[in-house]
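Have a look at entry-v8.txt; it's compact mmCIF, C-alpha atoms:
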```txt
# COMPACT_ATOMS: atom_id res chain seq x y z
CA MET A 1 -20.10 -0.96 -11.73
CA ALA A 2 -17.46 -1.85 -9.16
CA THR A 3 -17.28 -0.78 -5.54
CA PRO A 4 -14.22 0.38 -3.58
CA ASP A 5 -14.13 -3.05 -1.93
CA THR A 6 -13.76 -4.69 -5.34
CA VAL A 7 -10.78 -2.49 -6.19
CA LEU A 8 -9.14 -2.95 -2.81
CA THR A 9 -9.54 -6.72 -2.90
CA ILE A 10 -7.63 -6.78 -6.19
CA ALA A 11 -5.01 -4.37 -4.83
CA ARG A 12 -4.45 -6.50 -1.72
CA SER A 13 -3.98 -9.58 -3.87
CA THR A 14 -0.79 -8.02 -5.29
CA LEU A 15 0.85 -7.14 -1.95
CA GLY A 16 4.38 -8.44 -1.84
CA GLU A 17 4.92 -8.56 -5.60
CA HIS A 18 8.27 -7.12 -6.58
CA GLU A 19 10.64 -6.51 -9.46
CA ASP A 20 12.66 -9.42 -10.75
CA PRO A 21 15.55 -8.86 -10.90
CA PRO A 22 15.63 -6.12 -8.24
CA ALA A 23 15.97 -2.51 -9.39
CA SER A 24 14.94 -3.47 -12.94
CA ASN A 25 11.35 -2.16 -13.13
CA GLN A 26 10.50 -5.58 -14.56
CA VAL A 27 7.04 -6.43 -13.23
CA ARG A 28 3.84 -7.62 -14.90
CA PHE A 29 2.11 -4.28 -14.33
CA ALA A 30 4.73 -2.41 -16.37
CA THR A 31 4.52 -5.04 -19.11
CA TRP A 32 0.71 -4.72 -19.16
CA ALA A 33 1.02 -0.95 -19.53
CA GLY A 34 3.55 -1.28 -22.33
CA ILE A 35 6.42 0.24 -20.34
CA PRO A 36 8.65 -2.70 -19.35
CA GLY A 37 11.73 -1.39 -17.58
CA LEU A 38 10.19 1.96 -16.60
CA ALA A 39 8.77 3.29 -13.32
CA TRP A 40 5.44 1.56 -12.74
CA CYS A 41 3.47 3.04 -9.80
CA GLY A 42 0.91 4.52 -12.21
CA ALA A 43 0.81 1.31 -14.23
CA TRP A 44 -0.03 -0.64 -11.06
CA VAL A 45 -2.92 1.70 -10.14
CA CYS A 46 -4.32 1.53 -13.67
CA TRP A 47 -3.96 -2.27 -13.75
CA VAL A 48 -5.93 -2.62 -10.50
CA LEU A 49 -8.66 -0.21 -11.62
CA ASP A 50 -8.86 -1.85 -15.04
CA ARG A 51 -9.23 -5.31 -13.53
CA ALA A 52 -12.12 -3.99 -11.41
CA GLY A 53 -13.76 -2.20 -14.36
CA SER A 54 -13.17 1.17 -12.69
CA LEU A 55 -10.52 2.75 -14.91
CA ASP A 56 -12.66 5.68 -16.06
CA VAL A 57 -9.81 8.01 -17.07
CA PRO A 58 -7.23 7.38 -19.81
CA ARG A 59 -4.59 4.88 -18.75
CA PHE A 60 -1.64 6.79 -17.30
CA VAL A 61 1.92 5.92 -16.42
CA TRP A 62 3.12 9.52 -15.99
CA THR A 63 1.57 10.45 -12.65
CA PRO A 64 0.93 14.16 -13.38
CA ALA A 65 -1.25 13.05 -16.31
CA GLY A 66 -3.33 10.93 -13.96
CA ALA A 67 -3.91 13.80 -11.55
CA GLN A 68 -4.82 16.07 -14.45
CA ALA A 69 -7.25 13.52 -15.85
CA TYR A 70 -9.22 13.35 -12.60
CA ALA A 71 -9.08 17.15 -12.21
CA GLU A 72 -10.45 17.71 -15.72
CA ARG A 73 -13.42 15.52 -14.84
CA GLY A 74 -14.12 17.37 -11.59
CA ARG A 75 -13.12 14.39 -9.46
CA PHE A 76 -9.93 15.59 -7.79
CA ASP A 77 -9.96 17.02 -4.26
CA SER A 78 -8.38 16.87 -0.81
CA SER A 79 -10.79 14.32 0.70
CA PRO A 80 -9.45 10.78 1.16
CA THR A 81 -11.95 7.95 0.78
CA PRO A 82 -11.38 4.20 0.43
CA GLY A 83 -10.73 3.34 -3.19
CA ALA A 84 -9.55 6.84 -4.11
CA VAL A 85 -6.36 7.34 -6.11
CA VAL A 86 -3.83 9.24 -3.96
CA PHE A 87 -1.18 11.39 -5.64
CA PHE A 88 2.10 12.34 -3.96
CA ALA A 89 4.80 14.94 -4.60
CA TRP A 90 8.17 14.45 -2.95
CA PRO A 91 9.81 17.75 -1.89
CA GLU A 92 12.96 17.00 -3.89
CA VAL A 93 10.91 16.54 -7.08
CA GLY A 94 8.47 19.42 -6.71
CA ARG A 95 5.57 17.89 -8.69
CA VAL A 96 3.27 14.88 -8.64
CA CYS A 97 5.60 11.89 -8.94
CA HIS A 98 4.01 8.91 -7.17
CA VAL A 99 0.56 7.39 -6.84
CA GLY A 100 -1.30 4.70 -4.91
CA LEU A 101 -4.75 3.69 -3.70
CA VAL A 102 -6.43 4.64 -0.41
CA GLU A 103 -7.26 1.53 1.61
CA ALA A 104 -8.59 3.24 4.74
CA VAL A 105 -8.66 6.57 6.56
CA ARG A 106 -7.55 6.44 10.18
CA ALA A 107 -6.84 8.91 12.94
CA ASP A 108 -3.09 8.38 12.49
CA GLY A 109 -3.03 8.82 8.71
CA VAL A 110 -4.19 7.49 5.36
CA VAL A 111 -3.60 3.77 4.82
CA THR A 112 -2.47 3.18 1.24
CA ILE A 113 -1.46 0.35 -1.05
CA GLU A 114 1.18 1.40 -3.55
CA GLY A 115 3.20 -0.09 -6.36
CA ASN A 116 6.90 0.59 -6.87
CA THR A 117 7.58 1.51 -3.25
CA ASP A 118 9.75 0.15 -0.44
CA GLU A 119 10.03 -0.09 3.33
CA ALA A 120 11.27 3.50 3.53
CA GLY A 121 8.20 4.76 1.64
CA GLY A 122 9.97 5.74 -1.55
CA GLY A 123 8.42 5.97 -4.98
CA THR A 124 10.84 3.73 -6.89
CA GLY A 125 11.35 0.86 -4.46
CA GLY A 126 10.23 -2.00 -6.65
CA LYS A 127 7.55 -3.58 -4.44
CA VAL A 128 3.79 -3.49 -3.82
CA MET A 129 3.38 -2.49 -0.19
CA ARG A 130 1.05 -0.98 2.37
CA HIS A 131 1.91 2.34 4.04
CA VAL A 132 0.38 4.80 6.46
CA ARG A 133 0.88 8.23 4.89
CA ARG A 134 0.66 11.60 6.61
CA ALA A 135 2.64 13.93 4.35
CA ASN A 136 3.48 14.84 0.74
CA ILE A 137 -0.08 14.16 -0.43
CA VAL A 138 -1.19 16.46 -3.26
CA GLY A 139 -4.77 15.23 -3.52
CA TYR A 140 -7.13 12.42 -4.43
CA GLY A 141 -8.68 11.31 -7.68
CA HIS A 142 -12.07 9.65 -7.35
CA PRO A 143 -13.15 6.85 -9.70
CA VAL A 144 -16.92 6.54 -10.13
CA TYR A 145 -18.02 3.63 -7.99
CA ALA A 146 -21.35 1.92 -7.46
CA ALA A 147 -23.52 3.67 -4.90
CA ALA A 148 -23.25 2.39 -1.35
CA THR A 149 -26.12 0.38 0.04
CA ALA A 150 -28.61 2.17 2.26
CA PRO A 151 -27.03 1.10 5.58
CA LEU A 152 -23.67 2.45 4.45
CA ALA A 153 -25.08 5.75 3.21
CA THR A 154 -25.30 7.16 6.72
CA ALA A 155 -21.93 5.84 7.86
CA PRO A 156 -19.30 8.45 8.77
CA GLN A 157 -16.99 9.37 5.93
CA THR A 158 -13.95 8.42 7.97
CA PRO A 159 -14.21 4.82 9.21
CA PRO A 160 -12.97 3.92 12.68
CA PRO A 161 -9.53 2.38 13.00
CA PRO A 162 -9.47 -1.36 12.37
CA PRO A 163 -9.31 -3.67 15.37
CA VAL A 164 -5.90 -3.70 16.98
CA ALA A 165 -4.02 -6.91 16.33
CA THR A 166 -2.83 -8.69 19.45
CA GLY A 167 -0.60 -11.61 20.08
CA PRO A 168 1.91 -12.98 22.54
CA THR A 169 5.26 -11.30 23.02
CA ILE A 170 7.68 -13.22 20.82
CA ARG A 171 11.30 -12.85 19.84
CA GLN A 172 14.08 -14.70 18.05
CA GLY A 173 13.96 -18.37 18.91
CA ALA A 174 10.16 -18.57 19.13
CA THR A 175 8.17 -20.96 16.92
CA GLY A 176 4.52 -21.67 16.17
CA ASP A 177 1.34 -20.07 14.89
CA ALA A 178 2.00 -16.64 16.42
CA VAL A 179 5.33 -16.46 14.58
CA ARG A 180 3.64 -17.53 11.36
CA ARG A 181 1.00 -14.79 11.80
CA LEU A 182 3.75 -12.24 12.44
CA GLN A 183 5.62 -13.34 9.33
CA LYS A 184 2.49 -13.06 7.17
CA ARG A 185 1.92 -9.48 8.35
CA LEU A 186 5.56 -8.59 7.72
CA VAL A 187 5.28 -10.00 4.20
CA ASP A 188 2.18 -7.82 3.70
CA TYR A 189 4.42 -4.86 4.47
CA GLY A 190 7.01 -5.98 1.93
CA ALA A 191 9.40 -8.18 3.91
CA ARG A 192 10.98 -10.98 1.92
CA ILE A 193 10.97 -13.76 4.50
CA ALA A 194 9.68 -17.30 4.68
CA VAL A 195 6.35 -17.88 6.45
CA ASP A 196 7.52 -20.98 8.28
CA GLY A 197 6.65 -20.32 11.92
CA ILE A 198 10.32 -20.06 12.93
CA PHE A 199 11.50 -16.75 14.40
CA GLY A 200 15.04 -16.84 13.03
CA PRO A 201 17.56 -14.14 12.09
CA ALA A 202 15.68 -13.12 8.93
CA THR A 203 12.44 -12.55 10.84
CA ASP A 204 14.37 -10.67 13.54
CA ARG A 205 15.82 -8.34 10.90
CA ALA A 206 12.38 -7.82 9.36
CA VAL A 207 10.85 -6.97 12.75
CA ARG A 208 13.62 -4.48 13.52
CA ALA A 209 13.25 -2.84 10.09
CA PHE A 210 9.48 -2.51 10.61
CA GLN A 211 9.95 -1.09 14.11
CA GLU A 212 12.40 1.49 12.79
CA ARG A 213 9.99 2.59 10.05
CA ARG A 214 7.15 2.96 12.56
CA HIS A 215 9.32 4.81 15.13
CA LEU A 216 9.00 2.03 17.71
CA ALA A 217 11.68 0.70 20.04
CA VAL A 218 14.00 -1.27 17.77
CA ASP A 219 14.58 -4.40 19.81
CA GLY A 220 13.41 -7.23 17.55
CA ILE A 221 10.71 -8.18 20.05
CA CYS A 222 7.14 -8.35 18.80
CA GLY A 223 5.09 -7.15 21.77
CA PRO A 224 1.82 -5.19 22.10
CA ARG A 225 3.07 -2.01 20.37
CA THR A 226 4.52 -3.86 17.41
CA TRP A 227 1.44 -6.06 17.02
CA SER A 228 -0.72 -2.92 17.10
CA ALA A 229 1.40 -1.20 14.44
CA LEU A 230 1.22 -4.30 12.22
CA GLY A 231 -2.59 -4.01 12.23
```

Represent the structure contained in this file as structure tokens.
Amino acid sequence: MATPDTVLTIARSTLGEHEDPPASNQVRFATWAGIPGLAWCGAWVCWVLDRAGSLDVPRFVWTPAGAQAYAERGRFDSSPTPGAVVFFAWPEVGRVCHVGLVEAVRADGVVTIEGNTDEAGGGTGGKVMRHVRRANIVGYGHPVYAAATAPLATAPQTPPPPPVATGPTIRQGATGDAVRRLQKRLVDYGARIAVDGIFGPATDRAVRAFQERRHLAVDGICGPRTWSALG
């Protein structure tokens, strides 16, 4: 039986995957689920769980069916835990309409990995990305995972925030390992840039877009606050 870490390792391996061509819903997860060309957030969750051996509800692509499946089995509640399936309802839709996986629970929100999302946090954005969510969460479905080892059994349910990433203050024109590390983190969040260690116009735009999403000063400079938000 898999653990949450098994599921999350598989989920992280897909970060940055996207539709090709854009806005087509053409991704391998939709093809696997038998719905090529259709919205695929549920297909991505089921693909990850299936790969880990933890898909213990019927495969779902319609997100309300997934929430119902966990509820019928008594495994749907309001408690986020790593590896849980998180269901969202956008106000303009009025029902469950998007889904992802909980990566971590932090003081500033629930860290998720989601398929078919974008930098703005939408539910049809065409990419696999990481978000920090604070709103529009309906509840959590809980796959049955292997029991934690004894040392973990007494750990607090909500883990502490991960260590804050630090690095030198860099901006357009910079080069080197710090720029390469910045670019890798931006790619993790869905940016489509080269990881080449050169802080050029594309990296500058990606930094500014990230800063805007995280309500930071939008100046294109990666300093302590931006490094911290990147995690």

List every residue of range 62-115 of chain A that has an atom at most 9 Å from any atom of range 45-48 of chain A, giving for each one its closest atom pair and the distance in Å to one decimal, counting all atoms listed in the file, sorted by chain and then by ascending residue number, as a Markdown table.
```
| residue | atom | partner | partner_atom | distance |
| --- | --- | --- | --- | --- |
| A:Val85 | CA | A:Val45 | CA | 7.7 |
| A:Val99 | CA | A:Val45 | CA | 7.4 |
| A:Gly100 | CA | A:Val45 | CA | 6.2 |
| A:Leu101 | CA | A:Val45 | CA | 7.0 |
| A:Glu114 | CA | A:Val45 | CA | 7.8 |
| A:Gly115 | CA | A:Val45 | CA | 7.4 |
```

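Checking A:Ala71, A:Ala43, A:Ile113, A:Val86 one by one against Thr9 in chain A, counting all atoms listed in the file, you find the shortest gap at A:Ile113.
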
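Picture a line from CA of Thr63 in chain A to CA of Arg133 in chain A; it runs 17.7 Å.
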
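CA of Pro143 in chain A is positioned 25.8 Å from CA of Gly125 in chain A.
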
Closest of A:Cys222, A:Val93, A:Ile170, A:Val132 to Arg106 in chain A, counting only C-alpha atoms, is A:Val132

Shortest contact to Gly190 in chain A, candidates A:Arg51, A:Arg12, A:Lys127, A:Arg75, atoms counted only C-alpha atoms, goes to A:Lys127

Would you pick out the contacts of Ala135 in chain A at 10 Å or less, using only C-alpha atoms, so that residues sharing its chain but fewer than 3 positions from it are not included, and give the list as a PyMOL selection string? chain A and resi 88-90+109-110+132+138

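Of the listed residues A:Ala69, A:Ala11, A:Leu186, A:Ala52, the one whose atoms come nearest to Ala146 in chain A is A:Ala52, with distances taken using all atoms listed in the file.
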
Can you tell me, as a ChimeraX atom specification, what residues are no more than 12 Å from range 18-35 of chain A when counting all atoms listed in the file, ignoring any on the same chain fewer than 2 positions away? /A:11,14-16,37-51,58-62,114-118,123-129,187-192

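Distances to Thr203 in chain A were evaluated for A:Ala174, A:Ala2, A:Ala217, A:Leu230 using all atoms listed in the file, and the minimum falls at A:Ala174.
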
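Taking CA of Thr175 in chain A and CA of Glu119 in chain A as the two end points, the separation is 25.0 Å.
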
Checklist entry - Can you tell me, as JSON, numbers by chain, which residues sit within 12 Å of (-9.8, 6.1, 3.4) in the file's frame, using only C-alpha atoms? => result {"A": [4, 5, 8, 78, 79, 80, 81, 82, 83, 84, 85, 86, 100, 101, 102, 103, 104, 105, 106, 107, 108, 109, 110, 111, 112, 113, 132, 133, 140, 142, 156, 157, 158, 159, 160, 161, 162]}

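The nearest approach to Val96 in chain A among the residues A:Ser54, A:Gly139, A:Lys184, A:Asp77, with all atoms listed in the file taken into account, belongs to A:Gly139.
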